[in-house]
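Student: Below: one structure in C-alpha cells.
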Amino acid sequence: MHHATTTPVPTLALNDGRTIPQLGFGVFQIDPQDTAHAVSAALEVGYRHIDTAQMYGNEREVGEAVRASGLDRADVFITSKLHNRCHRPADARRAFAATLDALGSEYVDLFLIHWPLPTLYDGDFVSTWNTLQEFQADGRAQSIGVSNFQVDHLQRLAAECDLTPAVNQIELHPYLLNHDVDAYGQAHGIRTQAWSPIAQGHVLGDPVITAIADRLGRSPAQVVLRWHIQHGNIVFPKSTTPARIIENHDIFDFELEPHDVNAIDGLDRGEAGRTGPHPATMAVVPG
Ligand code: NDP
C-alpha cells in the first residue's frame, strides 16, 4: 500500500505573470453548511487553491475556512466566477463586489466568466469580459479568465478585446478531451483548467484506467488526475470524503509512462463523452 507523501504541488505560470497551483479543491455541489468543513480538511492536507463560484452559494464558507486555517491569505489561491444572471457590466460590478464581501477578502486570485451564454444578452459577452478587466486593473482580481468558452468565443475576444484570458475552465476528462478548445488555448497562452476532472466518478471504472491503477498500485482517481497533470491541465477535484481528499492530493510522487498517457487519451468519446451542458446552448440563468 502506498503511503501519502508531502511532495509539493507544482505551480504554472499564467500569461499575466502570475502563477497558479496546478492542483486545487473544487466546491461545486458542496452544501454551504458542509463547505467550511470540507475546505478546512483540504487546507489541512496541503491544498492551496480553492475553486468556487457565485452560483455555488458557498463563497462565504470558503472565506471562513481560509481565515480559520491561520494561513496567510497570500498563500491560498482562490478562484470565483461570475453569476450567469449578472453579465451586464453594472450587474457584473455589483456581483463582483458581493463576491469579495462573501469571501471576506480584498481580492480574488482569479475571477472567471462562468459561461459565455451566447444565446442570452444579445450574444454579448465582450462587454462582460471588458468589465472583468476593470477588476484586474484595480487589483481586486489578480488574474481574470473565462469558463466554458468555445473556440469561436475565444476568437471573438481576440478580435474585439485587448486582453487574452489567463485561463479557460472547460469540461475535460478521459471521455471528453475537448481537443479543439484545449489546443486553441495552448496555442494562444490560455491555460486549460479541467472541470469534472474525473467526470464525477464516471471514468473510474473504465478497464483501461483500472488496469493502469492496479499495475502502479494507485487508485483510478490518482491515475486520471496524474494524466491531467502530465497534460499540463489545472485540476480541482471535488470530494467531501476525507480519505479521497487526501488521495486526490497525493499524485506528485509518480509518473505515467507515455504509453499509459496515450492509452487514456484513446478513451476520448468526443461529444458523446460530455456530461454537462454544451456551452453553445447553455442558457440557464438561475433565480
Ligand atoms: P469531479 O470530477 O471532481 O468528481 C467529484 C465526484 O467524484 C464526487 O461525487 C466525489 O464524491 C467523487 N470523488 C472524488 N474523488 C474521488 C476518488 N478519489 N475516488 C472516487 N470518487 C471520488 O466533479 P466536479 O463536477 O465536482 O468537478 C470538480 C470541480 O470543477 C467542481 O467542484 C468545480 O469547482 C469545477 N466545476 C466547474 C464547472 C464550470 O462550469 N466551470 C462545472 C463543473 C465543475 P464524494 O464527494 O462523495 O467523495
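How things are named: the first chain in the C-alpha cells is A, the next is B, and so on; residues count from 1 in each chain; ligands count from 1 in the order shown.
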Counting only C-alpha atoms and all ligand atoms, which protein, DNA or RNA residues come within 7 Å of ligand 1, given as a ChimeraX atom specification?

Tutor: /A:25-29,51-52,114-115,147-148,169-171,195-201,221-222,236-241,244-245,247-248

Student: To test your reading of the structure, identify every residue in region 38-93 of chain A that backbone DSSP assigns to alpha helix (DSSP H), and report it as a PyMOL selection string.

Tutor: chain A and resi 38-45+59-68+89-93

Student: Keeping only C-alpha atoms, write the selected residues as a short mmCIF file (atom, residue, chain, number, x, y, z; two decimals), in the first residue's frame.

Tutor:
data_model
loop_
_atom_site.label_atom_id
_atom_site.label_comp_id
_atom_site.auth_asym_id
_atom_site.auth_seq_id
_atom_site.Cartn_x
_atom_site.Cartn_y
_atom_site.Cartn_z
CA ALA A 38 -14.51 20.32 3.53
CA VAL A 39 -12.28 23.30 2.70
CA SER A 40 -10.63 23.08 6.13
CA ALA A 41 -9.89 19.41 5.50
CA ALA A 42 -8.39 20.27 2.12
CA LEU A 43 -6.21 23.06 3.52
CA GLU A 44 -5.06 20.70 6.24
CA VAL A 45 -3.94 18.16 3.63
CA GLU A 59 -18.18 31.62 -1.19
CA ARG A 60 -18.79 32.84 2.35
CA GLU A 61 -17.96 29.43 3.80
CA VAL A 62 -14.83 29.17 1.65
CA GLY A 63 -13.67 32.50 3.07
CA GLU A 64 -14.43 31.35 6.62
CA ALA A 65 -12.36 28.21 6.21
CA VAL A 66 -9.41 30.09 4.72
CA ARG A 67 -9.42 32.54 7.64
CA ALA A 68 -9.84 29.76 10.20
CA PRO A 89 -21.50 45.50 -16.83
CA ALA A 90 -23.35 47.21 -13.97
CA ASP A 91 -24.59 43.86 -12.67
CA ALA A 92 -21.13 42.32 -13.00
CA ARG A 93 -19.63 45.15 -10.94
#

Student: Of the candidates A:Tyr184, A:Phe149, A:Tyr107, A:Trp227, which one gets nearest to Ala280 (chain A) if we count only C-alpha atoms?

Tutor: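 Among A:Tyr184, A:Phe149, A:Tyr107, A:Trp227, it is A:Phe149 that comes nearest to Ala280 (chain A).
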
Student: Could you state the separation of CA of Gln33 (chain A) and CA of Gly104 (chain A) in Å, given to one decimal place?

Tutor: 17.2 Å

Student: What does the distance from CA of Asp31 (chain A) to CA of Gly57 (chain A) come to in Å, to one decimal?

Tutor: 8.1 Å

Student: Looking at A:Asp260, A:Asp265, A:Glu106, A:Asp72, which one is nearest to Asp138 (chain A), with distances taken over only C-alpha atoms?

Tutor: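 Looking only at the distances to Asp138 (chain A), the closest residue turns out to be A:Glu106.
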
Student: Here is a test: counting only C-alpha atoms, which residue of A:Val151, A:Val126, A:Ala74, A:Leu176 is nearest to His87 (chain A)?

Tutor: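 Of A:Val151, A:Val126, A:Ala74, A:Leu176, the one nearest His87 (chain A) is A:Val126, counting only C-alpha atoms.
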
Student: Do a neighbour search on Asp268 (chain A) at 9 Å with only C-alpha atoms, toss out local chain neighbours closer than 6 positions, and write the hits as a ChimeraX atom specification.

Tutor: /A:173-178

Student: Please dump the current selection as a tab-separated table (two decimals), in the first residue's frame; keep C-alpha atoms.

Tutor:
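Here's the written file selection_5.tsv:
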chain	number	residue	atom	x	y	z
A	173	HIS	CA	-11.62	14.23	-18.68
A	174	PRO	CA	-10.70	10.94	-20.38
A	175	TYR	CA	-14.14	10.63	-22.03
A	176	LEU	CA	-14.12	14.25	-23.31
A	177	LEU	CA	-10.68	15.52	-24.30
A	178	ASN	CA	-12.24	18.72	-25.64

Student: Would you mind listing what lies within 12 Å of Glu257 (chain A) as a list in words, with only C-alpha atoms counted and same-chain residues fewer than 6 positions away left out?

Tutor: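 Residues meeting the cut-off are Ile212, Arg215, Leu216, Val223, Arg226, Trp227, Gln230, Ala263 and Ile264 of chain A.
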
Student: Which residue, A:Ala97, A:Leu14, A:Leu23, A:Val203, has the smallest gap to Ile144 (chain A) when you use only C-alpha atoms?

Tutor: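 Using only C-alpha atoms, the shortest distance to Ile144 (chain A) belongs to A:Leu14.
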
Student: Restricting the calculation to only C-alpha atoms, which member of A:Ala102, A:Val285, A:Leu71, A:Leu172 is positioned closest to Arg269 (chain A)?

Tutor: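 Closest to Arg269 (chain A), using only C-alpha atoms: A:Leu172.
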
Student: Hey, which of A:Phe96, A:Val146, A:Ala137, A:Gly24 ends up closest to Pro116 (chain A)? Count only C-alpha atoms.

Tutor: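 For Pro116 (chain A), the nearest of the given residues is A:Val146.
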